[in-house]
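All remarks here apply to the structure that follows.
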Protein chains: 2
Amino acid sequence: MSTCLVAQSGGPTAVINASLAGVIRANQLNPLYDRVLGGIHGIEGVLADQLYDLTDLSEHDLELLRQTPSSALGTCRYKLKRDDEADFRRLADVMDAHDIETMFYIGGNDSMDTCAKISRYMAKVGYECRVIGVPKTIDNDLIGTDHCPGFASAAKYIAASVMEVARDCRVYNKGMITIIECMGRHAGWLTAATVLPAAKGDGPDLIYLPEVDFDMADFLDDVIRVYEGQGQCLVAVSEGIHYSDGAFVSEAKTSSTDGFGHAQLGGLAALLAESVKRALGVKVRGIELSLLQRCGSHLASLTDVREAYLAGKAAVEAATAGLTDQMVALDCTRDASGYRCQTKLIPLTQAANTERKVPLDWITPEGNGIRQPFIDYALPLIQGELQRPLAHGLPQFAKLKKILTSD
Amino acid sequence: MSTCLVAQSGGPTAVINASLAGVIRANQLNPLYDRVLGGIHGIEGVLADQLYDLTDLSEHDLELLRQTPSSALGTCRYKLKRDDEADFRRLADVMDAHDIETMFYIGGNDSMDTCAKISRYMAKVGYECRVIGVPKTIDNDLIGTDHCPGFASAAKYIAASVMEVARDCRVYNKGMITIIECMGRHAGWLTAATVLPAAKGDGPDLIYLPEVDFDMADFLDDVIRVYEGQGQCLVAVSEGIHYSDGAFVSEAKTSSTDGFGHAQLGGLAALLAESVKRALGVKVRGIELSLLQRCGSHLASLTDVREAYLAGKAAVEAATAGLTDQMVALDCTRDASGYRCQTKLIPLTQAANTERKVPLDWITPEGNGIRQPFIDYALPLIQGELQRPLAHGLPQFAKLKKILTSD
């Protein structure tokens, strides 16, 4: 029985399930496989032979799935052991037992690396199998694609939340400094998105990305200057900002509290708030957008949902065309006639383990703000709202039924 | 020239501007005053004679205002000095200079106390002035009203965010414990709202309110029990949980870091996460919903917006009927035929400085969960969504023009 496998990997996003729905729906519209199986908790579920049968998901369930945040199949951060073939052998056995001839893997750059390794191993042992990657990451750091499904919804959540926080912070007549921390260890795309409401006057006064070395003295000077000028200051920082020696700014605090000496990111907003409070003696508030920014499907971008869905469909179409070792990528144009996006394919190896950063010339020379080219790039991506199904005033999310298909 | 004054006070909410719009619109529909003036930054702006002229706000501007979070007039936490008549004298002078015959004050229990004091002083000095309060507080702790405008939108934001966080936390196969901190120093209404998605299986496993004394050993036992049973645990706590001696659980940390020894609330989620990590040695994440919960207008409850607007209109109607020293309250019924809400009036003194808590019999006997009566009470309040005007994929907020009206 002709079968394909689809799995999700890495951190959840608001639209990773839209890509899953795209894979399932594409095969319903133009059946290439008799069965579409889903790996529970990514590659770990495949190794453990824990699979859902997703072939005949109803149109209603697919529509719910398209709007459900976080990985409906579950996810993992498991890395296949390169030097130990046991994982790969086990994978081949499970795939063989289910007649799996194509694997679709929805994930970030680590996952594309996993795809490439699986493909190499299968070729080596003579198991005929196609591997197609579908990109997703809120970090937007994959090379070879205009942007990554998942980024735009997180960016929209961040931009809208910053607008609301800005309103709240500027409501008092007493001075107030607010520091908002966004996700992004090595690339500042999400933090840059805080600039999107700037045209409305609701953006931050200062924005710091990990693309530029952080200097605490310069930062305090910036904050004091803005605060003295307007009596308040709203700052956005990326969790991954670091000093010129590479040390994360957040490390100083966590290493002194967690006792393990790890660079455990997070808590940066509180640390910077404390530094500003000491320097200025005014009220400072640190806000960490936390998990909410990656799972906030109630502010998902319709553009993002549609593109994630299209990417899932394009993966099946690539398999239908007999291709393998490819990742679906987004090919976009922005000009006077508007924004257009279509899918293309790039070699898996091109995307694997890459890291695309915000171009330095999109950042102000002072390293504390974002320039117009980023706005031109990102604004089209956050357009459109989902008409979400609600029940009792709250969202409705898809729940997959656990159908174990081990033979 | 017959004039009224309207001002906003205390912490912002998602619907405090809907009440302001209600006051302005009621007077447009059935003009009682030639001018509607707005105090900039609450009572402080009145003392400083800084006022907006809001009389003729267009229908479009009023509609935007109705959907704009945070106090459009600005707010303050200033308390009129009871023992010093200077503030009251100054207030009477400004009101006299503008022929202000009625004051509408939108705020919480402190604000109702301010209203009562102003009214007493004006009566004492023979200045004829009506004072009507309009309730607002996300804390929902005012007595004499079924609930407070502002609560339901914050509750809806919290419930929807918890659903999304729950999805995110439960996506890994590795155990994960997540602790979500909600606002509420003395009353647990907002934290209780985390139970609303429970019927969908997306609520927290454990909920702790300040209505019940907190015990760290019991808490850790609870978390360990849930974690051992299902491999993960989602906890909601109120910022105001305290030990049986009254000390805030959050105090231990802040007093050691801020150097002032204040009970500076916040950071509780991180503190509890640290305690659980030490006890269990597993991955624990602390999430503080922070300001976002009170200014998240993108998840405002339409029911709340409508009721806040009605409360503003009812205040003008009360003044039209010649009443004074009253607060608008909400009178609601919930039965088989549904939920109905109308406004009524209660004496200001009844609402001033009160604090209504979650009834103890709405909390489980173990003190770690919320029972059905709360759901029956709160679920009707979070119904309905705003059709918000958007521009470039982001919300549009009202901006008042600064018209200084000092004569």
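Quick note on naming: the chains in the structure tokens go A, B, ... in the order shown, residues restart at 1 in each chain, and ligands are numbered from 1 in order of appearance.
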Take chain B, superimpose it onto chain A by least squares using every C-alpha atom paired in sequence order, and output the result as a tab-separated table (two decimals) with C-alpha atoms, in the first residue's frame.
chain	number	residue	atom	x	y	z
B	1	MET	CA	0.00	0.02	0.01
B	2	SER	CA	1.57	3.30	-1.12
B	3	THR	CA	2.19	5.42	1.95
B	4	CYS	CA	3.76	8.72	2.93
B	5	LEU	CA	4.83	9.97	6.31
B	6	VAL	CA	4.57	13.51	7.63
B	7	ALA	CA	6.11	14.80	10.85
B	8	GLN	CA	6.64	18.10	12.64
B	9	SER	CA	9.78	19.12	14.46
B	10	GLY	CA	11.27	21.88	16.58
B	11	GLY	CA	9.44	24.68	18.37
B	12	PRO	CA	5.74	25.17	17.68
B	13	THR	CA	4.38	28.02	15.57
B	14	ALA	CA	0.91	29.39	14.93
B	15	VAL	CA	0.84	27.93	11.39
B	16	ILE	CA	2.84	24.68	11.48
B	17	ASN	CA	-0.48	22.80	11.38
B	18	ALA	CA	-1.52	24.71	8.27
B	19	SER	CA	1.42	23.06	6.47
B	20	LEU	CA	0.31	19.69	7.84
B	21	ALA	CA	-3.22	20.37	6.56
B	22	GLY	CA	-1.72	21.31	3.18
B	23	VAL	CA	0.08	17.97	2.88
B	24	ILE	CA	-3.04	15.98	3.80
B	25	ARG	CA	-5.35	18.02	1.58
B	26	ALA	CA	-3.05	17.91	-1.47
B	27	ASN	CA	-3.12	14.14	-1.35
B	28	GLN	CA	-6.91	14.11	-0.99
B	29	LEU	CA	-7.32	16.36	-4.03
B	30	ASN	CA	-4.88	14.45	-6.19
B	31	PRO	CA	-4.20	11.11	-4.49
B	32	LEU	CA	-0.63	9.96	-4.77
B	33	TYR	CA	-0.61	7.86	-1.60
B	34	ASP	CA	-3.16	5.39	-0.23
B	35	ARG	CA	-2.24	6.45	3.27
B	36	VAL	CA	-0.87	9.59	4.92
B	37	LEU	CA	0.68	8.71	8.28
B	38	GLY	CA	1.73	11.27	10.87
B	39	GLY	CA	4.65	10.70	13.22
B	40	ILE	CA	3.79	11.44	16.83
B	41	HIS	CA	6.41	13.77	18.38
B	42	GLY	CA	8.39	14.09	15.16
B	43	ILE	CA	11.14	11.66	14.37
B	44	GLU	CA	10.93	10.17	17.88
B	45	GLY	CA	7.43	8.91	17.18
B	46	VAL	CA	8.59	7.39	13.93
B	47	LEU	CA	11.45	5.60	15.70
B	48	ALA	CA	8.90	4.36	18.26
B	49	ASP	CA	6.43	3.38	15.51
B	50	GLN	CA	3.79	5.71	16.92
B	51	LEU	CA	1.78	7.05	14.04
B	52	TYR	CA	-1.58	8.67	13.28
B	53	ASP	CA	-3.54	7.82	10.15
B	54	LEU	CA	-4.36	11.23	8.69
B	55	THR	CA	-5.44	10.13	5.21
B	56	ASP	CA	-9.14	10.84	5.45
B	57	LEU	CA	-9.32	13.80	7.80
B	58	SER	CA	-12.61	15.57	7.06
B	59	GLU	CA	-12.73	19.01	5.50
B	60	HIS	CA	-14.01	20.38	8.81
B	61	ASP	CA	-11.13	18.81	10.75
B	62	LEU	CA	-8.63	20.11	8.20
B	63	GLU	CA	-10.05	23.62	8.53
B	64	LEU	CA	-9.75	23.42	12.33
B	65	LEU	CA	-6.23	22.03	11.97
B	66	ARG	CA	-5.27	24.93	9.71
B	67	GLN	CA	-6.12	27.32	12.54
B	68	THR	CA	-4.75	25.39	15.50
B	69	PRO	CA	-1.46	26.62	16.95
B	70	SER	CA	1.43	24.44	18.03
B	71	SER	CA	2.29	21.07	16.48
B	72	ALA	CA	-0.85	18.91	16.43
B	73	LEU	CA	1.31	15.82	15.88
B	74	GLY	CA	3.57	16.77	18.77
B	75	THR	CA	7.17	17.70	18.27
B	76	CYS	CA	10.67	16.87	19.46
B	77	ARG	CA	14.14	18.30	19.54
B	78	TYR	CA	15.75	14.91	19.05
B	79	LYS	CA	18.82	14.79	16.82
B	80	LEU	CA	19.54	11.58	14.94
B	81	LYS	CA	22.94	10.30	16.00
B	82	ARG	CA	25.24	10.78	13.05
B	83	ASP	CA	27.94	8.38	14.20
B	84	ASP	CA	25.58	5.68	15.30
B	85	GLU	CA	23.60	3.98	12.56
B	86	ALA	CA	21.10	2.43	15.01
B	87	ASP	CA	18.61	5.31	14.70
B	88	PHE	CA	18.79	5.26	10.91
B	89	ARG	CA	18.40	1.50	10.75
B	90	ARG	CA	15.39	1.65	13.05
B	91	LEU	CA	13.91	4.41	10.90
B	92	ALA	CA	14.36	2.36	7.74
B	93	ASP	CA	12.73	-0.64	9.45
B	94	VAL	CA	9.66	1.33	10.53
B	95	MET	CA	9.34	2.96	7.12
B	96	ASP	CA	9.71	-0.40	5.43
B	97	ALA	CA	7.07	-1.96	7.71
B	98	HIS	CA	4.59	0.72	6.60
B	99	ASP	CA	5.65	0.86	2.92
B	100	ILE	CA	6.57	4.50	3.38
B	101	GLU	CA	7.94	5.84	0.12
B	102	THR	CA	8.00	9.56	0.90
B	103	MET	CA	8.74	11.49	4.04
B	104	PHE	CA	7.55	15.10	4.49
B	105	TYR	CA	9.27	16.87	7.36
B	106	ILE	CA	8.01	20.23	8.60
B	107	GLY	CA	10.69	22.06	10.55
B	108	GLY	CA	13.55	24.53	10.80
B	109	ASN	CA	17.20	24.29	9.81
B	110	ASP	CA	18.00	21.44	12.21
B	111	SER	CA	15.11	19.50	10.70
B	112	MET	CA	16.35	20.11	7.17
B	113	ASP	CA	19.69	18.69	8.29
B	114	THR	CA	17.84	15.66	9.67
B	115	CYS	CA	16.06	15.27	6.31
B	116	ALA	CA	19.36	15.39	4.40
B	117	LYS	CA	20.92	12.77	6.70
B	118	ILE	CA	17.95	10.43	6.36
B	119	SER	CA	18.00	10.75	2.60
B	120	ARG	CA	21.74	9.96	2.44
B	121	TYR	CA	21.35	6.91	4.66
B	122	MET	CA	18.37	5.56	2.72
B	123	ALA	CA	20.30	5.93	-0.56
B	124	LYS	CA	23.26	4.15	1.00
B	125	VAL	CA	21.24	1.12	2.09
B	126	GLY	CA	19.26	1.03	-1.15
B	127	TYR	CA	15.88	1.93	0.39
B	128	GLU	CA	13.99	3.93	-2.18
B	129	CYS	CA	12.51	6.92	-0.42
B	130	ARG	CA	11.84	10.53	-1.24
B	131	VAL	CA	12.44	13.22	1.38
B	132	ILE	CA	10.87	16.68	1.09
B	133	GLY	CA	11.26	19.42	3.69
B	134	VAL	CA	8.64	22.05	4.52
B	135	PRO	CA	10.08	25.13	6.23
B	136	LYS	CA	8.71	26.54	9.48
B	137	THR	CA	10.32	28.68	12.12
B	138	ILE	CA	9.29	31.85	13.86
B	139	ASP	CA	12.99	32.75	13.85
B	140	ASN	CA	12.89	33.35	10.06
B	141	ASP	CA	16.52	32.28	9.81
B	142	LEU	CA	16.40	29.77	6.94
B	143	ILE	CA	18.44	30.54	3.85
B	144	GLY	CA	17.01	30.17	0.34
B	145	THR	CA	13.47	31.27	1.13
B	146	ASP	CA	12.11	34.81	1.18
B	147	HIS	CA	10.79	34.11	4.67
B	148	CYS	CA	9.71	31.15	6.78
B	149	PRO	CA	6.10	30.17	7.48
B	150	GLY	CA	5.49	30.91	11.16
B	151	PHE	CA	7.53	34.11	11.24
B	152	ALA	CA	4.78	36.41	10.03
B	153	SER	CA	2.21	35.31	12.61
B	154	ALA	CA	4.71	35.74	15.43
B	155	ALA	CA	5.67	39.12	13.96
B	156	LYS	CA	2.02	40.15	13.82
B	157	TYR	CA	1.45	39.05	17.41
B	158	ILE	CA	4.52	41.00	18.52
B	159	ALA	CA	3.61	44.15	16.57
B	160	ALA	CA	0.01	44.20	17.83
B	161	SER	CA	1.08	43.47	21.42
B	162	VAL	CA	3.70	46.23	21.30
B	163	MET	CA	1.02	48.69	20.16
B	164	GLU	CA	-1.13	47.77	23.12
B	165	VAL	CA	1.74	47.85	25.60
B	166	ALA	CA	2.81	51.23	24.20
B	167	ARG	CA	-0.68	52.58	24.87
B	168	ASP	CA	-0.56	51.24	28.39
B	169	CYS	CA	2.94	52.55	29.14
B	170	ARG	CA	2.26	56.04	27.88
B	171	VAL	CA	-0.94	56.54	29.80
B	172	TYR	CA	0.59	57.82	33.04
B	173	ASN	CA	1.88	61.32	33.54
B	174	LYS	CA	4.69	59.94	35.66
B	175	GLY	CA	7.73	58.75	33.73
B	176	MET	CA	7.86	55.08	32.87
B	177	ILE	CA	10.39	52.94	31.07
B	178	THR	CA	9.28	49.64	29.58
B	179	ILE	CA	11.52	46.93	28.16
B	180	ILE	CA	9.97	44.23	25.97
B	181	GLU	CA	11.92	41.04	25.33
B	182	CYS	CA	11.27	39.08	22.13
B	183	MET	CA	12.49	35.64	21.07
B	184	GLY	CA	15.52	35.24	18.79
B	185	ARG	CA	18.83	33.80	19.94
B	186	HIS	CA	20.98	34.58	16.95
B	187	ALA	CA	18.76	36.44	14.49
B	188	GLY	CA	16.74	39.54	15.32
B	189	TRP	CA	13.84	39.17	12.86
B	190	LEU	CA	11.15	38.95	15.56
B	191	THR	CA	12.50	41.85	17.58
B	192	ALA	CA	12.74	43.90	14.38
B	193	ALA	CA	8.99	43.33	13.92
B	194	THR	CA	8.36	45.64	16.87
B	195	VAL	CA	9.08	48.49	14.44
B	196	LEU	CA	5.99	47.70	12.32
B	197	PRO	CA	3.61	49.94	14.34
B	198	ALA	CA	6.14	52.80	14.20
B	199	ALA	CA	4.24	54.55	11.42
B	200	LYS	CA	1.32	54.80	13.85
B	201	GLY	CA	3.51	56.25	16.61
B	202	ASP	CA	3.04	53.15	18.73
B	203	GLY	CA	6.43	51.51	18.15
B	204	PRO	CA	9.38	51.33	20.54
B	205	ASP	CA	11.82	54.21	20.90
B	206	LEU	CA	14.81	51.87	20.85
B	207	ILE	CA	15.32	48.38	19.33
B	208	TYR	CA	18.32	46.11	19.91
B	209	LEU	CA	19.04	42.99	17.83
B	210	PRO	CA	21.68	40.28	18.26
B	211	GLU	CA	23.12	41.24	14.85
B	212	VAL	CA	24.91	44.15	16.57
B	213	ASP	CA	27.17	43.79	19.63
B	214	PHE	CA	25.49	45.17	22.74
B	215	ASP	CA	27.13	47.76	24.95
B	216	MET	CA	25.51	48.38	28.33
B	217	ALA	CA	26.88	51.93	28.67
B	218	ASP	CA	25.60	52.92	25.21
B	219	PHE	CA	22.25	51.31	26.01
B	220	LEU	CA	21.87	53.26	29.25
B	221	ASP	CA	22.89	56.47	27.46
B	222	ASP	CA	20.24	55.82	24.80
B	223	VAL	CA	17.51	55.18	27.37
B	224	ILE	CA	18.44	58.23	29.46
B	225	ARG	CA	18.47	60.44	26.37
B	226	VAL	CA	14.99	59.31	25.25
B	227	TYR	CA	13.63	59.45	28.79
B	228	GLU	CA	14.94	62.96	29.39
B	229	GLY	CA	13.50	64.10	26.07
B	230	GLN	CA	9.97	62.72	26.42
B	231	GLY	CA	9.58	61.51	30.00
B	232	GLN	CA	9.12	57.88	28.99
B	233	CYS	CA	10.81	55.23	26.93
B	234	LEU	CA	9.75	51.96	25.31
B	235	VAL	CA	12.55	49.54	24.41
B	236	ALA	CA	12.49	46.22	22.50
B	237	VAL	CA	15.35	43.74	22.90
B	238	SER	CA	16.07	40.34	21.45
B	239	GLU	CA	16.73	37.55	23.99
B	240	GLY	CA	19.99	36.89	22.17
B	241	ILE	CA	21.70	40.27	22.50
B	242	HIS	CA	25.31	39.76	23.47
B	243	TYR	CA	28.44	41.68	24.32
B	244	SER	CA	31.29	41.98	21.83
B	245	ASP	CA	32.97	38.92	23.37
B	246	GLY	CA	29.90	36.87	22.44
B	247	ALA	CA	28.58	36.46	26.00
B	248	PHE	CA	24.80	36.75	26.18
B	249	VAL	CA	23.66	39.77	28.18
B	250	SER	CA	21.16	37.49	29.93
B	251	GLU	CA	23.88	35.10	31.06
B	252	ALA	CA	25.18	37.19	33.93
B	253	LYS	CA	21.92	36.72	35.77
B	254	THR	CA	21.05	33.15	34.96
B	255	SER	CA	24.47	31.75	35.72
B	256	SER	CA	24.24	33.18	39.21
B	257	THR	CA	20.80	31.75	39.85
B	258	ASP	CA	20.40	28.42	38.15
B	259	GLY	CA	23.56	26.95	39.63
B	260	PHE	CA	24.48	25.14	36.44
B	261	GLY	CA	26.33	27.94	34.70
B	262	HIS	CA	24.32	27.41	31.52
B	263	ALA	CA	23.40	30.19	29.19
B	264	GLN	CA	19.74	29.80	29.90
B	265	LEU	CA	18.08	32.56	27.94
B	266	GLY	CA	15.09	34.48	29.26
B	267	GLY	CA	14.85	36.86	32.16
B	268	LEU	CA	16.74	39.42	30.09
B	269	ALA	CA	13.97	42.04	30.32
B	270	ALA	CA	14.05	41.83	34.12
B	271	LEU	CA	17.84	42.11	34.13
B	272	LEU	CA	17.87	45.20	31.89
B	273	ALA	CA	14.99	46.73	33.86
B	274	GLU	CA	17.09	46.36	37.00
B	275	SER	CA	20.10	48.01	35.31
B	276	VAL	CA	18.02	50.96	34.12
B	277	LYS	CA	16.36	51.32	37.52
B	278	ARG	CA	19.78	51.55	39.17
B	279	ALA	CA	21.03	54.08	36.63
B	280	LEU	CA	17.95	56.32	36.52
B	281	GLY	CA	16.02	55.60	39.71
B	282	VAL	CA	12.68	55.63	37.86
B	283	LYS	CA	9.94	53.06	37.44
B	284	VAL	CA	10.98	50.41	34.93
B	285	ARG	CA	8.95	47.44	33.75
B	286	GLY	CA	10.36	44.37	32.03
B	287	ILE	CA	7.98	42.33	29.86
B	288	GLU	CA	8.90	38.97	28.34
B	289	LEU	CA	6.56	38.05	25.49
B	290	SER	CA	7.49	34.43	26.18
B	291	LEU	CA	5.71	31.46	24.57
B	292	LEU	CA	2.73	33.61	23.71
B	293	GLN	CA	4.53	35.08	20.70
B	294	ARG	CA	4.96	31.73	18.99
B	295	CYS	CA	1.60	30.17	19.82
B	296	GLY	CA	-0.63	33.24	19.56
B	297	SER	CA	-2.87	31.94	16.80
B	298	HIS	CA	-5.57	34.45	17.65
B	299	LEU	CA	-3.35	37.02	15.96
B	300	ALA	CA	-2.16	34.76	13.13
B	301	SER	CA	-1.51	36.41	9.78
B	302	LEU	CA	-3.87	35.07	7.11
B	303	THR	CA	-1.05	35.54	4.59
B	304	ASP	CA	1.14	33.31	6.76
B	305	VAL	CA	-1.56	30.65	7.20
B	306	ARG	CA	-2.15	30.55	3.44
B	307	GLU	CA	1.55	30.35	2.62
B	308	ALA	CA	2.16	27.62	5.19
B	309	TYR	CA	-0.73	25.66	3.70
B	310	LEU	CA	0.60	26.21	0.17
B	311	ALA	CA	4.07	25.04	1.27
B	312	GLY	CA	2.52	21.78	2.51
B	313	LYS	CA	0.70	21.28	-0.78
B	314	ALA	CA	3.82	22.14	-2.79
B	315	ALA	CA	5.74	19.42	-0.95
B	316	VAL	CA	3.25	16.79	-2.15
B	317	GLU	CA	3.37	18.21	-5.67
B	318	ALA	CA	7.16	17.95	-5.63
B	319	ALA	CA	6.89	14.29	-4.62
B	320	THR	CA	4.29	13.74	-7.34
B	321	ALA	CA	6.80	15.13	-9.82
B	322	GLY	CA	9.28	12.51	-8.63
B	323	LEU	CA	11.61	14.92	-6.87
B	324	THR	CA	13.52	14.32	-3.65
B	325	ASP	CA	16.01	16.01	-1.32
B	326	GLN	CA	14.29	19.33	-1.75
B	327	MET	CA	12.91	21.93	0.64
B	328	VAL	CA	9.90	24.00	-0.36
B	329	ALA	CA	10.82	27.69	-0.31
B	330	LEU	CA	8.87	30.92	-0.78
B	331	ASP	CA	9.65	33.12	-3.75
B	332	CYS	CA	8.20	36.60	-3.30
B	333	THR	CA	8.13	39.91	-5.09
B	334	ARG	CA	7.22	43.28	-3.64
B	335	ASP	CA	6.70	46.14	-6.06
B	336	ALA	CA	4.28	48.90	-6.97
B	337	SER	CA	1.64	46.34	-7.92
B	338	GLY	CA	1.82	44.72	-4.51
B	339	TYR	CA	3.12	41.56	-2.89
B	340	ARG	CA	3.08	38.17	-4.60
B	341	CYS	CA	4.32	34.85	-3.30
B	342	GLN	CA	4.79	31.47	-4.95
B	343	THR	CA	6.59	28.32	-3.92
B	344	LYS	CA	9.81	26.98	-5.38
B	345	LEU	CA	12.19	24.19	-4.42
B	346	ILE	CA	15.78	24.37	-3.18
B	347	PRO	CA	18.16	21.54	-2.32
B	348	LEU	CA	17.83	20.39	1.28
B	349	THR	CA	21.55	20.79	1.80
B	350	GLN	CA	21.27	24.48	1.00
B	351	ALA	CA	18.87	25.07	3.88
B	352	ALA	CA	20.35	22.62	6.40
B	353	ASN	CA	22.04	24.20	9.41
B	354	THR	CA	22.08	27.68	7.92
B	355	GLU	CA	21.31	30.89	9.76
B	356	ARG	CA	20.11	33.98	7.98
B	357	LYS	CA	20.37	37.22	9.92
B	358	VAL	CA	18.82	40.66	9.54
B	359	PRO	CA	21.00	42.57	7.02
B	360	LEU	CA	23.15	45.10	8.84
B	361	ASP	CA	22.04	47.91	6.51
B	362	TRP	CA	18.45	47.37	7.70
B	363	ILE	CA	19.62	48.40	11.18
B	364	THR	CA	20.36	52.05	12.04
B	365	PRO	CA	24.08	52.99	12.20
B	366	GLU	CA	23.71	53.50	15.97
B	367	GLY	CA	22.52	49.90	16.30
B	368	ASN	CA	19.38	50.89	18.21
B	369	GLY	CA	16.69	51.02	15.54
B	370	ILE	CA	15.28	49.41	12.39
B	371	ARG	CA	15.14	51.04	8.96
B	372	GLN	CA	12.50	51.20	6.24
B	373	PRO	CA	13.71	48.20	4.13
B	374	PHE	CA	12.69	45.87	6.95
B	375	ILE	CA	9.21	47.41	7.06
B	376	ASP	CA	8.89	47.05	3.27
B	377	TYR	CA	9.95	43.42	3.64
B	378	ALA	CA	7.81	42.40	6.61
B	379	LEU	CA	4.62	44.47	6.40
B	380	PRO	CA	3.06	42.49	3.48
B	381	LEU	CA	3.59	39.27	5.44
B	382	ILE	CA	1.39	40.20	8.40
B	383	GLN	CA	-1.69	41.10	6.34
B	384	GLY	CA	-5.06	39.46	6.77
B	385	GLU	CA	-6.93	37.90	9.69
B	386	LEU	CA	-8.32	34.43	10.20
B	387	GLN	CA	-12.06	34.05	10.66
B	388	ARG	CA	-11.61	31.61	13.52
B	389	PRO	CA	-14.32	29.24	14.63
B	390	LEU	CA	-15.25	29.98	18.25
B	391	ALA	CA	-17.23	28.13	20.85
B	392	HIS	CA	-18.36	29.88	24.02
B	393	GLY	CA	-16.21	32.88	23.14
B	394	LEU	CA	-13.01	30.84	23.00
B	395	PRO	CA	-11.12	29.32	20.07
B	396	GLN	CA	-11.71	25.79	18.85
B	397	PHE	CA	-8.64	23.70	18.25
B	398	ALA	CA	-8.25	20.45	16.35
B	399	LYS	CA	-7.60	17.27	18.27
B	400	LEU	CA	-6.19	14.32	16.36
B	401	LYS	CA	-7.39	10.90	17.31
B	402	LYS	CA	-4.62	8.56	18.23
B	403	ILE	CA	-4.67	5.77	15.70
B	404	LEU	CA	-1.69	3.56	16.22
B	405	THR	CA	-0.90	1.88	12.94
B	406	SER	CA	1.88	-0.50	13.85
B	407	ASP	CA	1.27	-3.61	11.75
DSSP-assigned helix (DSSP H, G or I) members of range 144-249 of chain B, reported as a PyMOL selection string: chain B and resi 151-169+189-200+216-230
Residues of the last selection are to be written out with C-alpha atoms, as a tab-separated table (two decimals), in the first residue's frame.
chain	number	residue	atom	x	y	z
B	151	PHE	CA	-12.79	42.29	33.88
B	152	ALA	CA	-14.36	40.26	31.11
B	153	SER	CA	-11.94	41.37	28.40
B	154	ALA	CA	-8.96	40.61	30.62
B	155	ALA	CA	-10.56	37.26	31.49
B	156	LYS	CA	-11.07	36.49	27.81
B	157	TYR	CA	-7.47	37.40	27.01
B	158	ILE	CA	-6.24	35.19	29.84
B	159	ALA	CA	-8.47	32.23	28.91
B	160	ALA	CA	-7.51	32.35	25.22
B	161	SER	CA	-3.81	32.79	26.02
B	162	VAL	CA	-3.89	29.87	28.46
B	163	MET	CA	-5.41	27.67	25.75
B	164	GLU	CA	-2.58	28.55	23.41
B	165	VAL	CA	0.12	28.13	26.05
B	166	ALA	CA	-1.41	24.78	27.03
B	167	ARG	CA	-1.12	23.63	23.42
B	168	ASP	CA	2.48	24.74	23.31
B	169	CYS	CA	3.43	23.16	26.65
B	189	TRP	CA	-10.99	36.74	39.71
B	190	LEU	CA	-8.52	36.97	36.82
B	191	THR	CA	-6.59	33.87	37.80
B	192	ALA	CA	-9.88	32.01	38.20
B	193	ALA	CA	-10.61	32.85	34.53
B	194	THR	CA	-7.88	30.42	33.51
B	195	VAL	CA	-10.43	27.68	34.26
B	196	LEU	CA	-12.73	28.79	31.43
B	197	PRO	CA	-11.06	26.60	28.74
B	198	ALA	CA	-11.19	23.60	31.10
B	199	ALA	CA	-14.22	22.14	29.34
B	200	LYS	CA	-12.06	21.94	26.21
B	216	MET	CA	4.74	25.85	49.42
B	217	ALA	CA	4.95	22.21	50.54
B	218	ASP	CA	1.34	21.51	49.50
B	219	PHE	CA	1.97	23.29	46.19
B	220	LEU	CA	5.04	21.19	45.43
B	221	ASP	CA	3.13	18.03	46.39
B	222	ASP	CA	0.31	19.00	44.03
B	223	VAL	CA	2.69	19.67	41.13
B	224	ILE	CA	4.64	16.45	41.69
B	225	ARG	CA	1.42	14.43	41.84
B	226	VAL	CA	0.10	15.86	38.55
B	227	TYR	CA	3.50	15.59	36.89
B	228	GLU	CA	3.97	11.97	37.93
B	229	GLY	CA	0.48	11.13	36.71
B	230	GLN	CA	0.63	12.72	33.26
Which residues in range 29-213 of chain A does DSSP call strand (DSSP E or B)? List them as a PyMOL selection string. chain A and resi 35-39+51-53+75+100-107+130-135+172+176-182+206-208
